[in-house]
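Visitor: Structure provided below as structure tokens; questions to follow.
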Amino acid sequence: MNIDIRDLALLAPELALIVTALVFILAAAWVQSSSLFSGLTVLAALIAGVASYLLLPADPITGFGEMIVVDDYSQFFKVVIASALAVVTLLSVSQADDERFRPAEYHALLLLAATGMMFAASAIDLLTLYLGLELTTLCSYILVGISVEKPASNEAAIKYFLTGSFASALLLYGIALTYGVTGGATGFVAISRALSSSDAGSSYILLAAIGLLIGGLAFKVAAVPFHAWAPDAYTGASAPIAAFLATASKAAGLAALGRVCIVAFQSESGVLSVVLSALAGLSIIVGSVIAPSPPDMKRLLAYSSIAHAGYALLGFIAGTTEGASATMTYAFLYVFMTLGAFGVVIALGERGGRLDGFQGLAAQRPGMAALMLLFLLSLTGIPPTAGFAAKFVVILSVVRAGNVTLAVVAVVCSVISAFVYLRVAVLMYMKEPTEPEPSRCPPAVSAALAVAALVTVIGGVLPGSLTSWAVAPDAVLTIMGVR
Amino acid sequence: MEEYIGMAASFLVAGVITGGMIILASTLGKKKPSAVKSDPFECGKDPFSLPGGRQAVRFYLIAILFILFDVELVFLYPWAVIYRELGVTGLVEMGIFLGILMVGYVYAWANGALKWQ
């Protein structure tokens, strides 16, 4: 293995985040200015996002002895993660004072969690993938429980930690079995080469390995039946952290899942498509039909994110490059509309956390109500919002893969989920306000909402304009000479 | 299977020696039992007590700090073994690794984790 220290240049976006996080950790004891830390975090996220875009290579470049790769796929997800980090930081400007935690640690953990996600997007080795996801989840456990004085927050962190460690163990066991079946391969390209050249494809151990890997990764994207942590964790966590988990964390999980399915186990696409169809179908049904309509907005959005994980997975079922880019498009647009919905919840303060807090909002704050309506329509998937464009491409890819039943289930559940989302809209527009007008939100939150709304509108009116560079993760196989 | 013969032999020799020592000591040795001597051995602690006694939470903090440096050592040993082969790259990488660990150490120090009060 030949490791060149100059490969660090490939990791420029990650380095920007890591260095900022380390500076925050060093300064934590002396500097308490919340606005300074959030300003620097947004700056670091912007640098990371721009660097990710500028580093976009013509052909995939591998680094650190084929441990990471920089290609269109990785950079796409890195831009998504960096922008989610920036928006979440803007949304959390008033959190440190409200929930009484120290801003330095909070922002350092956010930065490190985003770094882990970027590593996961770049990983072409099961070990780097695991390390990236683990860095993310370890930071997320603390972030969920960072409001030490709130019992609900502590409970959520413990639940998330226990189930999360279990999922990590599944993932590790899957990695170990893969290592055994392929005769010592952990790199995706090496796994793919080993599986296509040998008859390992039929062994039960390989099936177990795939099952465990997919199970561990499905936990990260909160797909049914690995979703039980999400509603509790989102409800207990402060709203910006819930938004971060629902968007960036899910995007990173999808990035990892896509790379594992389409690069490492491309020869097993038959098995994968069955497993992924089951995960996607169950997630869509449970998230939009079976889910109770809870009085808590964060819980409602948690079930919504479970359903959307299912829709996003639809793209991977075909195992084709078109399918993968459909999922990438979905991830991109989903991240912004969900950040927007959480943003309105945050902007309304205490009222935003409760479903009945939205009662009569249109009369009191018409602008905010209109924004929420936009995000709700987008989450439902009604044209001309981004949600429609996103759902259209993934469902189209399922139809092309010949799985019409699943496509019908997806469409029907999408219609049913409208009841959940539009109930909020009915409360806002058709009920009289019963509570005093919410106080004005900080300008940073408004800016974050504006960004989310802009992407939701542009993504719907001009579909494809923002995500035309969503390309499949398997170009690396071509340059490594597997195909 | 041949490679396991050496292992089996060493287990056998170890078993015979320890077993022999115990048998010799218990048959030939002088015995003057007392209440203290027949207690199960446990470093200065009362071997039988009800659970629920309180432990200072500081011990956990010290344990976490210990892990910080223990993990550092675990990574330093293999690096030291192949130090020459890795060359300058290895040196720089280890420098980055130690630097990041030091940030954690400074954080713990500056925030009073090392104060015992």
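Residue names in the structure tokens use chain letters A, B, ... in the order shown, residue numbers from 1 in each chain, and ligand numbers from 1 in the order shown.
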Show me, as a tab-separated table, the residues of chain A having an atom within 8 Å of chain B, each with the closest atom pair and its distance in Å, using only C-alpha atoms.
Guide:
residue	atom	partner	partner_atom	distance
A:Ile3	CA	B:Thr89	CA	7.7
A:Asp4	CA	B:Thr89	CA	6.9
A:Ile5	CA	B:Thr89	CA	5.8
A:Leu22	CA	B:Val103	CA	6.8
A:Ile25	CA	B:Tyr107	CA	6.3
A:Leu26	CA	B:Tyr107	CA	5.8
A:Ala28	CA	B:Tyr107	CA	7.3
A:Ala29	CA	B:Asn111	CA	5.7
Visitor: Using DSSP assignments from the backbone, pull out every residue in chain B that falls under helix (DSSP H, G or I) and give it to me as JSON, numbers by chain.
Guide: {"B": [3, 4, 5, 6, 7, 8, 9, 10, 11, 12, 13, 14, 15, 16, 17, 18, 19, 20, 21, 22, 23, 24, 25, 26, 27, 28, 58, 59, 60, 61, 62, 63, 64, 65, 66, 67, 68, 69, 70, 71, 72, 73, 74, 75, 76, 77, 78, 79, 80, 81, 83, 84, 85, 86, 87, 88, 89, 90, 91, 92, 93, 94, 95, 96, 97, 98, 99, 100, 101, 102, 103, 104, 105, 106, 107, 108, 109, 110]}
Visitor: To one decimal place, how far is CA of Gly216 in chain A from CA of Leu313 in chain A in Å?
Guide: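 Rounded to one decimal, the two atoms are 14.6 Å apart.
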Visitor: So that I can see what lies close to Pro442 in chain A, please list as a ChimeraX atom specification the residues with an atom at most 10 Å from it, counting only C-alpha atoms and leaving out residues fewer than 4 positions away in the same chain.
Guide: /A:90-94,347,446-447
Visitor: Within 7 Å of Ala309 in chain A, counting only C-alpha atoms, which residues qualify if same-chain residues fewer than 5 places away don't, as a ChimeraX atom specification?
Guide: /A:221-223,283
Visitor: Pick out the residues sitting within 10 Å of range 294-305 of chain A, and hand them over as a VMD selection string; count only C-alpha atoms, and ignore anything fewer than 2 positions along from it in its own chain.
Guide: chain A and resid 221 to 223 227 to 239 242 to 243 245 to 247 250 283 to 284 286 to 292 307 to 311 334 to 335 338 341 to 342 345 351 to 358 379 to 380 417 420 to 421 424
Visitor: Distance CA of Val344 in chain A-CA of Leu371 in chain A, one decimal place?
Guide: 7.6 Å
